[in-house]
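Structure file protein23.pdb (PDB, C-alpha atoms) is printed below.
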ATOM      1  CA  MET A   1      -8.863  95.029-222.084
ATOM      2  CA  PRO A   2      -6.552  96.098-224.909
ATOM      3  CA  ARG A   3      -4.401  99.179-224.648
ATOM      4  CA  PHE A   4      -5.497 101.762-227.182
ATOM      5  CA  GLN A   5      -2.582 103.494-228.870
ATOM      6  CA  TYR A   6      -5.089 105.946-230.364
ATOM      7  CA  ASP A   7      -8.042 106.747-228.135
ATOM      8  CA  PHE A   8     -10.175 109.638-229.359
ATOM      9  CA  ASP A   9     -13.061 109.760-226.935
ATOM     10  CA  PRO A  10     -14.817 111.621-228.380
ATOM     11  CA  ALA A  11     -13.506 112.001-231.910
ATOM     12  CA  ASP A  12     -14.611 115.319-233.347
ATOM     13  CA  HIS A  13     -13.490 114.288-236.840
ATOM     14  CA  PHE A  14     -14.205 110.843-238.288
ATOM     15  CA  THR A  15     -14.244 110.216-242.008
ATOM     16  CA  THR A  16     -13.198 108.077-244.918
ATOM     17  CA  GLY A  17     -11.896 109.098-248.300
ATOM     18  CA  THR A  18      -9.706 108.063-251.178
ATOM     19  CA  ILE A  19      -6.675 109.224-253.075
ATOM     20  CA  GLY A  20      -6.212 108.204-256.680
ATOM     21  CA  GLU A  21      -8.296 107.332-259.705
ATOM     22  CA  PRO A  22     -10.969 104.605-259.714
ATOM     23  CA  GLY A  23      -9.223 101.271-259.998
ATOM     24  CA  GLN A  24      -6.104 102.729-258.393
ATOM     25  CA  ARG A  25      -7.653 104.337-255.315
ATOM     26  CA  THR A  26      -6.257 104.014-251.822
ATOM     27  CA  PHE A  27      -8.893 104.130-249.093
ATOM     28  CA  PHE A  28      -8.265 105.891-245.797
ATOM     29  CA  LEU A  29     -10.071 106.001-242.489
ATOM     30  CA  GLN A  30      -9.227 109.167-240.588
ATOM     31  CA  ALA A  31     -10.071 110.302-237.069
ATOM     32  CA  GLY A  32      -9.215 113.420-235.170
ATOM     33  CA  GLN A  33      -9.562 115.077-231.811
ATOM     34  CA  GLY A  34      -8.593 118.712-231.528
ATOM     35  CA  ILE A  35      -5.431 119.152-233.584
ATOM     36  CA  GLU A  36      -4.392 115.487-233.474
ATOM     37  CA  TYR A  37      -5.314 113.336-236.471
ATOM     38  CA  VAL A  38      -4.580 109.762-237.465
ATOM     39  CA  SER A  39      -5.019 108.238-240.908
ATOM     40  CA  MET A  40      -5.122 104.516-241.586
ATOM     41  CA  ILE A  41      -5.148 102.645-244.888
ATOM     42  CA  CYS A  42      -8.142 100.385-245.321
ATOM     43  CA  GLU A  43      -9.775  98.265-247.990
ATOM     44  CA  LYS A  44     -12.814  99.285-249.993
ATOM     45  CA  GLU A  45     -14.783  96.324-248.648
ATOM     46  CA  GLN A  46     -13.880  97.272-245.079
ATOM     47  CA  MET A  47     -15.446 100.690-245.646
ATOM     48  CA  ARG A  48     -18.526  99.116-247.205
ATOM     49  CA  ALA A  49     -18.838  96.766-244.222
ATOM     50  CA  LEU A  50     -18.315  99.623-241.742
ATOM     51  CA  GLY A  51     -20.992 101.757-243.405
ATOM     52  CA  GLU A  52     -23.484  98.898-243.564
ATOM     53  CA  GLY A  53     -22.594  97.762-240.037
ATOM     54  CA  LEU A  54     -23.172 101.216-238.587
ATOM     55  CA  LEU A  55     -26.570 101.504-240.283
ATOM     56  CA  SER A  56     -27.541  98.096-238.917
ATOM     57  CA  LEU A  57     -26.330  99.016-235.430
ATOM     58  CA  LEU A  58     -28.305 102.279-235.505
ATOM     59  CA  ASP A  59     -31.448 100.348-236.502
ATOM     60  CA  GLN A  60     -30.883  97.930-233.609
ATOM     61  CA  ILE A  61     -30.400 100.817-231.163
ATOM     62  CA  ALA A  62     -33.641 102.381-232.392
ATOM     63  CA  GLU A  63     -35.499  99.106-231.886
ATOM     64  CA  VAL A  64     -34.016  98.039-228.545
ATOM     65  CA  PHE A  65     -33.458 101.400-226.811
ATOM     66  CA  HIS A  66     -36.263 103.360-228.520
ATOM     67  CA  LYS A  67     -33.811 105.957-229.793
ATOM     68  CA  PRO A  68     -34.736 106.811-233.374
ATOM     69  CA  VAL A  69     -32.123 106.816-236.099
ATOM     70  CA  PRO A  70     -30.986 110.428-236.555
ATOM     71  CA  GLU A  71     -32.448 111.950-239.706
ATOM     72  CA  ASP A  72     -30.234 115.010-240.146
ATOM     73  CA  ARG A  73     -26.977 114.172-241.924
ATOM     74  CA  SER A  74     -25.885 117.747-242.556
ATOM     75  CA  GLY A  75     -23.307 119.681-240.610
ATOM     76  CA  PHE A  76     -20.478 117.152-240.833
ATOM     77  CA  ASN A  77     -17.224 117.730-242.684
ATOM     78  CA  PHE A  78     -16.062 114.516-244.335
ATOM     79  CA  ASP A  79     -12.995 115.942-246.092
ATOM     80  CA  LEU A  80      -9.714 114.210-245.355
ATOM     81  CA  VAL A  81      -7.343 116.475-243.416
ATOM     82  CA  GLU A  82      -3.932 116.962-245.018
ATOM     83  CA  PRO A  83      -1.254 115.770-244.731
ATOM     84  CA  ILE A  84      -2.479 112.211-245.019
ATOM     85  CA  ILE A  85       0.295 110.107-243.517
ATOM     86  CA  PRO A  86      -1.032 106.646-242.668
ATOM     87  CA  ILE A  87       0.065 105.159-239.366
ATOM     88  CA  TRP A  88      -0.752 101.600-240.509
ATOM     89  CA  ARG A  89      -3.087  99.385-242.504
ATOM     90  CA  ILE A  90      -6.291  98.192-240.835
ATOM     91  CA  SER A  91      -6.844  94.458-240.422
ATOM     92  CA  GLN A  92     -10.044  94.447-238.359
ATOM     93  CA  LEU A  93     -12.869  96.827-237.555
ATOM     94  CA  GLY A  94     -15.520  96.549-234.884
ATOM     95  CA  VAL A  95     -18.471  98.680-233.804
ATOM     96  CA  GLY A  96     -20.399  98.889-230.576
ATOM     97  CA  TYR A  97     -22.724 101.073-228.576
ATOM     98  CA  ASP A  98     -22.070 102.768-225.238
ATOM     99  CA  GLU A  99     -25.635 103.109-223.938
ATOM    100  CA  GLU A 100     -24.667 105.115-220.862
ATOM    101  CA  ARG A 101     -23.040 107.848-222.978
ATOM    102  CA  ASP A 102     -25.183 107.313-226.098
ATOM    103  CA  ARG A 103     -22.047 106.984-228.240
ATOM    104  CA  ILE A 104     -21.025 104.711-231.073
ATOM    105  CA  VAL A 105     -17.641 103.066-230.511
ATOM    106  CA  ILE A 106     -15.417 102.066-233.430
ATOM    107  CA  ILE A 107     -12.411  99.826-232.759
ATOM    108  CA  VAL A 108      -9.687  99.376-235.391
ATOM    109  CA  GLN A 109      -6.739  97.001-235.294
ATOM    110  CA  GLU A 110      -3.475  97.186-237.186
ATOM    111  CA  LEU A 111      -2.519  94.555-239.746
ATOM    112  CA  VAL A 112       0.692  92.875-238.571
ATOM    113  CA  ASP A 113       2.714  89.895-239.685
ATOM    114  CA  GLU A 114       1.842  87.217-237.135
ATOM    115  CA  ASP A 115       5.272  85.615-237.560
ATOM    116  CA  ALA A 116       7.033  88.857-236.572
ATOM    117  CA  GLY A 117       5.995  88.486-232.931
ATOM    118  CA  VAL A 118       4.748  92.071-232.748
ATOM    119  CA  ASP A 119       1.481  93.026-231.065
ATOM    120  CA  ALA A 120      -0.992  94.887-233.257
ATOM    121  CA  GLU A 121      -1.780  98.465-232.351
ATOM    122  CA  VAL A 122      -5.426  99.265-231.616
ATOM    123  CA  GLY A 123      -7.422 102.467-231.926
ATOM    124  CA  ARG A 124     -10.757 103.425-230.383
ATOM    125  CA  PHE A 125     -12.911 106.261-231.637
ATOM    126  CA  THR A 126     -16.262 107.305-230.194
ATOM    127  CA  ILE A 127     -18.759 109.407-232.130
ATOM    128  CA  THR A 128     -22.363 110.473-231.734
ATOM    129  CA  ARG A 129     -25.173 108.475-233.322
ATOM    130  CA  GLU A 130     -25.778 111.451-235.627
ATOM    131  CA  HIS A 131     -22.162 111.399-236.760
ATOM    132  CA  ALA A 132     -22.266 107.612-237.219
ATOM    133  CA  ASN A 133     -25.370 107.844-239.396
ATOM    134  CA  ALA A 134     -23.923 110.605-241.573
ATOM    135  CA  PHE A 135     -20.566 108.791-241.778
ATOM    136  CA  ALA A 136     -22.235 105.531-242.831
ATOM    137  CA  TYR A 137     -23.958 107.185-245.797
ATOM    138  CA  HIS A 138     -20.764 109.040-246.688
ATOM    139  CA  ALA A 139     -18.728 105.800-246.589
ATOM    140  CA  LEU A 140     -21.201 104.034-248.873
ATOM    141  CA  GLU A 141     -21.081 106.976-251.307
ATOM    142  CA  VAL A 142     -17.263 106.870-251.356
ATOM    143  CA  VAL A 143     -17.325 103.129-252.068
ATOM    144  CA  ALA A 144     -19.938 103.532-254.819
ATOM    145  CA  ALA A 145     -17.917 106.289-256.537
ATOM    146  CA  GLY A 146     -15.438 103.745-257.930
ATOM    147  CA  ARG A 147     -15.549 101.694-261.074
ATOM    148  CA  PRO A 148     -18.921 100.248-262.081
ATOM    149  CA  THR A 149     -19.336  96.530-261.528
ATOM    150  CA  CYS A 150     -20.205  93.992-264.196
ATOM    151  CA  PRO A 151     -23.808  92.801-263.769
ATOM    152  CA  PHE A 152     -22.795  89.279-264.783
ATOM    153  CA  CYS A 153     -19.671  88.538-262.733
ATOM    154  CA  GLY A 154     -19.625  91.361-260.189
ATOM    155  CA  GLU A 155     -16.035  92.327-261.001
ATOM    156  CA  PRO A 156     -15.101  95.987-261.595
ATOM    157  CA  ILE A 157     -15.183  97.253-265.168
ATOM    158  CA  ASP A 158     -12.028  99.134-266.152
ATOM    159  CA  PRO A 159     -12.229 102.127-268.518
ATOM    160  CA  GLU A 160     -10.210 100.102-271.071
ATOM    161  CA  GLY A 161     -12.734  97.259-271.057
ATOM    162  CA  HIS A 162     -13.545  94.127-269.145
ATOM    163  CA  PHE A 163     -13.101  90.402-269.671
ATOM    164  CA  CYS A 164     -16.156  88.831-268.091
ATOM    165  CA  SER A 165     -15.460  85.302-266.922
ATOM    166  CA  ARG A 166     -19.190  84.505-266.749
ATOM    167  CA  THR A 167     -19.635  85.241-270.463
ATOM    168  CA  ASN A 168     -16.329  83.614-271.405
ATOM    169  CA  GLY A 169     -15.236  86.910-272.902
ATOM    170  CA  HIS A 170     -18.229  87.214-275.247
ATOM    171  CA  ASP A 171     -19.996  90.541-275.299
ATOM    172  CA  LYS A 172     -23.476  90.525-273.815
ATOM    173  CA  SER A 173     -25.735  93.502-274.060
ATOM    174  CA  TYR A 174     -28.123  94.177-271.239
ATOM    175  CA  VAL A 175     -30.701  96.752-270.295
ATOM    176  CA  GLN A 176     -29.931  98.843-267.231
TER     177      GLN A 176
END
Rewrite the structure from the file as structure tokens, please.
Amino acid sequence: MPRFQYDFDPADHFTTGTIGEPGQRTFFLQAGQGIEYVSMICEKEQMRALGEGLLSLLDQIAEVFHKPVPEDRSGFNFDLVEPIIPIWRISQLGVGYDEERDRIVIIVQELVDEDAGVDAEVGRFTITREHANAFAYHALEVVAAGRPTCPFCGEPIDPEGHFCSRTNGHDKSYVQ
């Protein structure tokens, strides 16, 4: 079993957020227990995958363990806590369910240079199913708040314009 350098069991604060303008945003995953907080840099797609993965896990728990997906998503504070000083960049995320304690478990691993011969740090954060459900919707909202995507190529559209490789740079109008 890995040694967890950050083990918030339970985490009373678990959120994601960004700093910067769309197209230049830095994504953070942040967890806290009491007065101790850790912030980690992550990728937009990692947050999308975490949000979608948590929703899928909650659906599976509802089906297998007959524990309905929590409906109430209010009462959670998803603001990032300042100062935001990242401990490292995330390489991998994993989710699981502790049936005995009815908790969602999130495991994060540090991105390290494999050639450096350094072991990656690992963090474990446990949250309630209610918190996981609210977090998942929050994470998907944060991801969606960025630049719109081109309906033809799927790439982000910058405020200055967009060269669409699928249209070979020719303008195509479409109905939304």
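Taking CA of Phe8 in chain A and CA of Gln92 in chain A as endpoints, the distance between them is 17.7 Å.
The residues caught by the PyMOL selection byres ((chain A and resi 93) around 6) in this file are Gln92, Gly94, Ile107 and Val108 of chain A.
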With C-alpha atoms retained, could you export that selection as an mmCIF file, in the frame of the given file?
data_model
loop_
_atom_site.group_PDB
_atom_site.id
_atom_site.type_symbol
_atom_site.label_atom_id
_atom_site.label_comp_id
_atom_site.auth_asym_id
_atom_site.auth_seq_id
_atom_site.Cartn_x
_atom_site.Cartn_y
_atom_site.Cartn_z
ATOM 1 C CA GLN A 92 -10.044 94.447 -238.359
ATOM 2 C CA GLY A 94 -15.520 96.549 -234.884
ATOM 3 C CA ILE A 107 -12.411 99.826 -232.759
ATOM 4 C CA VAL A 108 -9.687 99.376 -235.391
#
To verify the selection step, state as JSON, numbers by chain which residues the PyMOL selection byres ((chain A and resi 112-123) around 12) yields on this input.
-> {"A": [1, 2, 3, 4, 5, 6, 7, 8, 9, 11, 29, 30, 31, 32, 37, 38, 39, 40, 87, 88, 89, 90, 91, 92, 93, 94, 95, 105, 106, 107, 108, 109, 110, 111, 124, 125, 126]}
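Nearest to Asp79 in chain A of all the residues A:Arg25, A:Pro10, A:Thr18, A:Gly161 is A:Thr18, based on only C-alpha atoms.
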What's the 8 Å shell around range 63-73 of chain A, counting all atoms listed in the file, without same-chain residues fewer than 4 positions away, as a ChimeraX atom specification?
-> /A:58-59,129-131,133-134
Take CA of Gln46 in chain A and CA of Val143 in chain A and report the distance between them in Å, one decimal.
-> 9.7 Å
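In this comparison, which uses all atoms listed in the file, the residue of A:Lys44, A:His138, A:Arg147, A:His162 approaching Ser74 in chain A most closely is A:His138.
The result of the PyMOL selection byres ((chain A and resi 24) around 12) on the shown file is Thr18, Ile19, Gly20, Glu21, Pro22, Gly23, Arg25, Thr26, Phe27, Glu43, Lys44, Gly146, Arg147, Pro156, Asp158 and Pro159 of chain A.
Restricting the calculation to only C-alpha atoms, the smallest distance between Phe14 in chain A and any of A:Phe28, A:Phe152, A:Tyr97, A:Phe78 is found for A:Phe78.
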d(CA of Ile127 in chain A, CA of Arg103 in chain A) in Å | 5.6 Å
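The closest residue to Pro151 in chain A, picked from A:Thr167, A:Tyr137, A:Gln33, A:Ile84 and counting all atoms listed in the file, is A:Thr167.
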Rebuild N, CA and C atoms on range 91-114 of chain A, as a short mmCIF file (atom, residue, chain, number, x, y, z; two decimals), keeping the file's coordinate frame?
data_model
loop_
_atom_site.label_atom_id
_atom_site.label_comp_id
_atom_site.auth_asym_id
_atom_site.auth_seq_id
_atom_site.Cartn_x
_atom_site.Cartn_y
_atom_site.Cartn_z
N SER A 91 -6.51 95.87 -240.18
CA SER A 91 -6.84 94.46 -240.42
C SER A 91 -8.27 94.16 -240.00
N GLN A 92 -8.71 94.73 -238.87
CA GLN A 92 -10.04 94.45 -238.36
C GLN A 92 -10.72 95.72 -237.88
N LEU A 93 -12.03 95.73 -238.03
CA LEU A 93 -12.87 96.83 -237.56
C LEU A 93 -13.98 96.25 -236.70
N GLY A 94 -14.38 96.96 -235.68
CA GLY A 94 -15.52 96.55 -234.88
C GLY A 94 -16.31 97.76 -234.46
N VAL A 95 -17.62 97.59 -234.26
CA VAL A 95 -18.47 98.68 -233.80
C VAL A 95 -19.26 98.23 -232.59
N GLY A 96 -19.60 99.18 -231.76
CA GLY A 96 -20.40 98.89 -230.58
C GLY A 96 -21.14 100.13 -230.15
N TYR A 97 -21.92 99.97 -229.08
CA TYR A 97 -22.72 101.07 -228.58
C TYR A 97 -22.52 101.22 -227.08
N ASP A 98 -22.18 102.43 -226.65
CA ASP A 98 -22.07 102.77 -225.24
C ASP A 98 -23.40 103.43 -224.85
N GLU A 99 -24.30 102.62 -224.26
CA GLU A 99 -25.64 103.11 -223.94
C GLU A 99 -25.60 104.24 -222.92
N GLU A 100 -24.74 104.12 -221.93
CA GLU A 100 -24.67 105.12 -220.86
C GLU A 100 -24.35 106.50 -221.42
N ARG A 101 -23.46 106.57 -222.39
CA ARG A 101 -23.04 107.85 -222.98
C ARG A 101 -23.71 108.14 -224.31
N ASP A 102 -24.51 107.19 -224.81
CA ASP A 102 -25.18 107.31 -226.10
C ASP A 102 -24.17 107.63 -227.20
N ARG A 103 -23.12 106.82 -227.26
CA ARG A 103 -22.05 106.98 -228.24
C ARG A 103 -21.82 105.69 -229.00
N ILE A 104 -21.45 105.84 -230.25
CA ILE A 104 -21.02 104.71 -231.07
C ILE A 104 -19.52 104.57 -230.89
N VAL A 105 -19.06 103.35 -230.72
CA VAL A 105 -17.64 103.07 -230.51
C VAL A 105 -17.13 102.27 -231.71
N ILE A 106 -16.05 102.76 -232.30
CA ILE A 106 -15.42 102.07 -233.43
C ILE A 106 -14.02 101.66 -232.97
N ILE A 107 -13.72 100.37 -233.12
CA ILE A 107 -12.41 99.83 -232.76
C ILE A 107 -11.72 99.39 -234.05
N VAL A 108 -10.47 99.78 -234.22
CA VAL A 108 -9.69 99.38 -235.39
C VAL A 108 -8.39 98.72 -234.91
N GLN A 109 -7.97 97.71 -235.65
CA GLN A 109 -6.74 97.00 -235.29
C GLN A 109 -5.80 96.99 -236.48
N GLU A 110 -4.54 97.15 -236.18
CA GLU A 110 -3.48 97.19 -237.19
C GLU A 110 -3.25 95.80 -237.79
N LEU A 111 -2.93 95.78 -239.06
CA LEU A 111 -2.52 94.56 -239.75
C LEU A 111 -1.03 94.34 -239.47
N VAL A 112 -0.70 93.20 -238.86
CA VAL A 112 0.69 92.88 -238.57
C VAL A 112 0.99 91.47 -239.07
N ASP A 113 2.25 91.23 -239.32
CA ASP A 113 2.71 89.90 -239.68
C ASP A 113 2.75 89.06 -238.41
N GLU A 114 1.93 88.03 -238.34
CA GLU A 114 1.84 87.22 -237.14
C GLU A 114 3.17 86.55 -236.79
#
